[in-house]
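Here is the structure we will look at, set down as structure tokens.
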Amino acid sequence: MFSNVADEEISAADSASFIISQLIAFNKKADEAINIIDSVNEVANSFSVNSGDLATALQVVASSSAAMGNSMEETLGLVC
């Protein structure tokens with residue numbers, strides 16, 4: 001689903017890898033994946049950043065940010 005809503009071409013494999021890494025980093029259940037997609041899409045549509053860059057940045061910082069107690073939304077805001 002993320003590869004369909006992203007504002008740049010992202011392969012299904014990269015999309016799945018991104019979603020899975022966020023679910024693990026922020027200790028979310030699989031049914032919360034849509035919230036991750038919606039959050040990234042909303043930020044990409046509202047600010048001068050594309051969803052591919054957000055996905056790349058989140059994959060790099062998500063684990064350490066979650067370990068510091070930040071939510072996925074807070075981390076997305078910091079990255080943006």
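The way I read the labels, and the way they are meant: chains A, B, ... in the order of the structure tokens, residue 1 as the first residue of every chain, and ligand 1 as the first ligand shown, with later ones counted on from there.
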For this session: Give the alpha helix (DSSP H) residues of chain A, as assigned by DSSP on the backbone, as a PyMOL selection string.
Result: chain A and resi 2-5+12-25+33-46+51-67+72-79
Residue subset to file, keeping C-alpha atoms, as a PDB file, in the first residue's frame:
```
ATOM      1  CA  PHE A   2       2.842   2.414   0.803  1.00  0.00           C
ATOM      2  CA  SER A   3       4.306   1.992  -2.674  1.00  0.00           C
ATOM      3  CA  ASN A   4       0.933   3.112  -4.090  1.00  0.00           C
ATOM      4  CA  VAL A   5       0.580   6.282  -2.019  1.00  0.00           C
ATOM      5  CA  ALA A  12       7.046  -3.235  -3.031  1.00  0.00           C
ATOM      6  CA  ALA A  13      10.088  -4.789  -1.339  1.00  0.00           C
ATOM      7  CA  ASP A  14      11.373  -1.414  -0.106  1.00  0.00           C
ATOM      8  CA  SER A  15       7.879  -0.473   1.004  1.00  0.00           C
ATOM      9  CA  ALA A  16       7.487  -3.691   2.991  1.00  0.00           C
ATOM     10  CA  SER A  17      10.944  -3.296   4.504  1.00  0.00           C
ATOM     11  CA  PHE A  18      10.129   0.243   5.618  1.00  0.00           C
ATOM     12  CA  ILE A  19       6.797  -0.693   7.190  1.00  0.00           C
ATOM     13  CA  ILE A  20       8.219  -3.737   8.962  1.00  0.00           C
ATOM     14  CA  SER A  21      11.159  -1.771  10.351  1.00  0.00           C
ATOM     15  CA  GLN A  22       8.802   0.874  11.755  1.00  0.00           C
ATOM     16  CA  LEU A  23       6.494  -1.713  13.295  1.00  0.00           C
ATOM     17  CA  ILE A  24       9.460  -3.329  15.037  1.00  0.00           C
ATOM     18  CA  ALA A  25      11.165  -0.086  16.087  1.00  0.00           C
ATOM     19  CA  ALA A  33       0.755  -0.283   9.623  1.00  0.00           C
ATOM     20  CA  ILE A  34      -1.885   1.890   7.988  1.00  0.00           C
ATOM     21  CA  ASN A  35      -1.238   4.572  10.633  1.00  0.00           C
ATOM     22  CA  ILE A  36       2.428   4.670   9.629  1.00  0.00           C
ATOM     23  CA  ILE A  37       1.519   4.990   5.963  1.00  0.00           C
ATOM     24  CA  ASP A  38      -1.055   7.699   6.685  1.00  0.00           C
ATOM     25  CA  SER A  39       1.376   9.674   8.847  1.00  0.00           C
ATOM     26  CA  VAL A  40       4.173   9.628   6.282  1.00  0.00           C
ATOM     27  CA  ASN A  41       1.753  10.493   3.480  1.00  0.00           C
ATOM     28  CA  GLU A  42       0.264  13.398   5.443  1.00  0.00           C
ATOM     29  CA  VAL A  43       3.672  14.896   6.217  1.00  0.00           C
ATOM     30  CA  ALA A  44       4.839  14.455   2.624  1.00  0.00           C
ATOM     31  CA  ASN A  45       1.691  16.178   1.352  1.00  0.00           C
ATOM     32  CA  SER A  46       1.900  19.037   3.862  1.00  0.00           C
ATOM     33  CA  SER A  51       7.777  10.196   1.228  1.00  0.00           C
ATOM     34  CA  GLY A  52      10.874   8.364  -0.009  1.00  0.00           C
ATOM     35  CA  ASP A  53      13.167  10.697   1.919  1.00  0.00           C
ATOM     36  CA  LEU A  54      11.001  10.355   5.009  1.00  0.00           C
ATOM     37  CA  ALA A  55      11.060   6.560   4.743  1.00  0.00           C
ATOM     38  CA  THR A  56      14.846   6.540   4.369  1.00  0.00           C
ATOM     39  CA  ALA A  57      15.336   8.865   7.336  1.00  0.00           C
ATOM     40  CA  LEU A  58      12.938   6.936   9.554  1.00  0.00           C
ATOM     41  CA  GLN A  59      14.711   3.663   8.811  1.00  0.00           C
ATOM     42  CA  VAL A  60      17.956   5.222  10.030  1.00  0.00           C
ATOM     43  CA  VAL A  61      16.744   6.877  13.232  1.00  0.00           C
ATOM     44  CA  ALA A  62      13.628   4.959  14.300  1.00  0.00           C
ATOM     45  CA  SER A  63      15.231   2.488  16.698  1.00  0.00           C
ATOM     46  CA  SER A  64      17.276   5.048  18.581  1.00  0.00           C
ATOM     47  CA  SER A  65      14.406   7.522  18.664  1.00  0.00           C
ATOM     48  CA  ALA A  66      12.002   4.901  20.003  1.00  0.00           C
ATOM     49  CA  ALA A  67      14.587   3.887  22.616  1.00  0.00           C
ATOM     50  CA  MET A  72       6.693   7.450  15.485  1.00  0.00           C
ATOM     51  CA  GLU A  73       4.821  10.723  14.927  1.00  0.00           C
ATOM     52  CA  GLU A  74       7.301  12.675  17.045  1.00  0.00           C
ATOM     53  CA  THR A  75      10.186  11.086  15.193  1.00  0.00           C
ATOM     54  CA  LEU A  76       8.564  11.938  11.875  1.00  0.00           C
ATOM     55  CA  GLY A  77       8.259  15.550  13.021  1.00  0.00           C
ATOM     56  CA  LEU A  78      11.899  15.667  14.056  1.00  0.00           C
ATOM     57  CA  VAL A  79      13.012  14.206  10.724  1.00  0.00           C
TER      58      VAL A  79
END
```
Problem set entry | Å distance separating atom CA of A:Phe26 from atom CA of A:Gly69, one decimal place |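 Calculated distance between atom CA of A:Phe26 and atom CA of A:Gly69 is 9.3 Å.
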For this session: Between atom CA of A:Lys29 and atom CA of A:Met68, measure the distance and give it in Å to one decimal.
Result: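 About the pair atom CA of A:Lys29 and atom CA of A:Met68: they are 19.7 Å apart.
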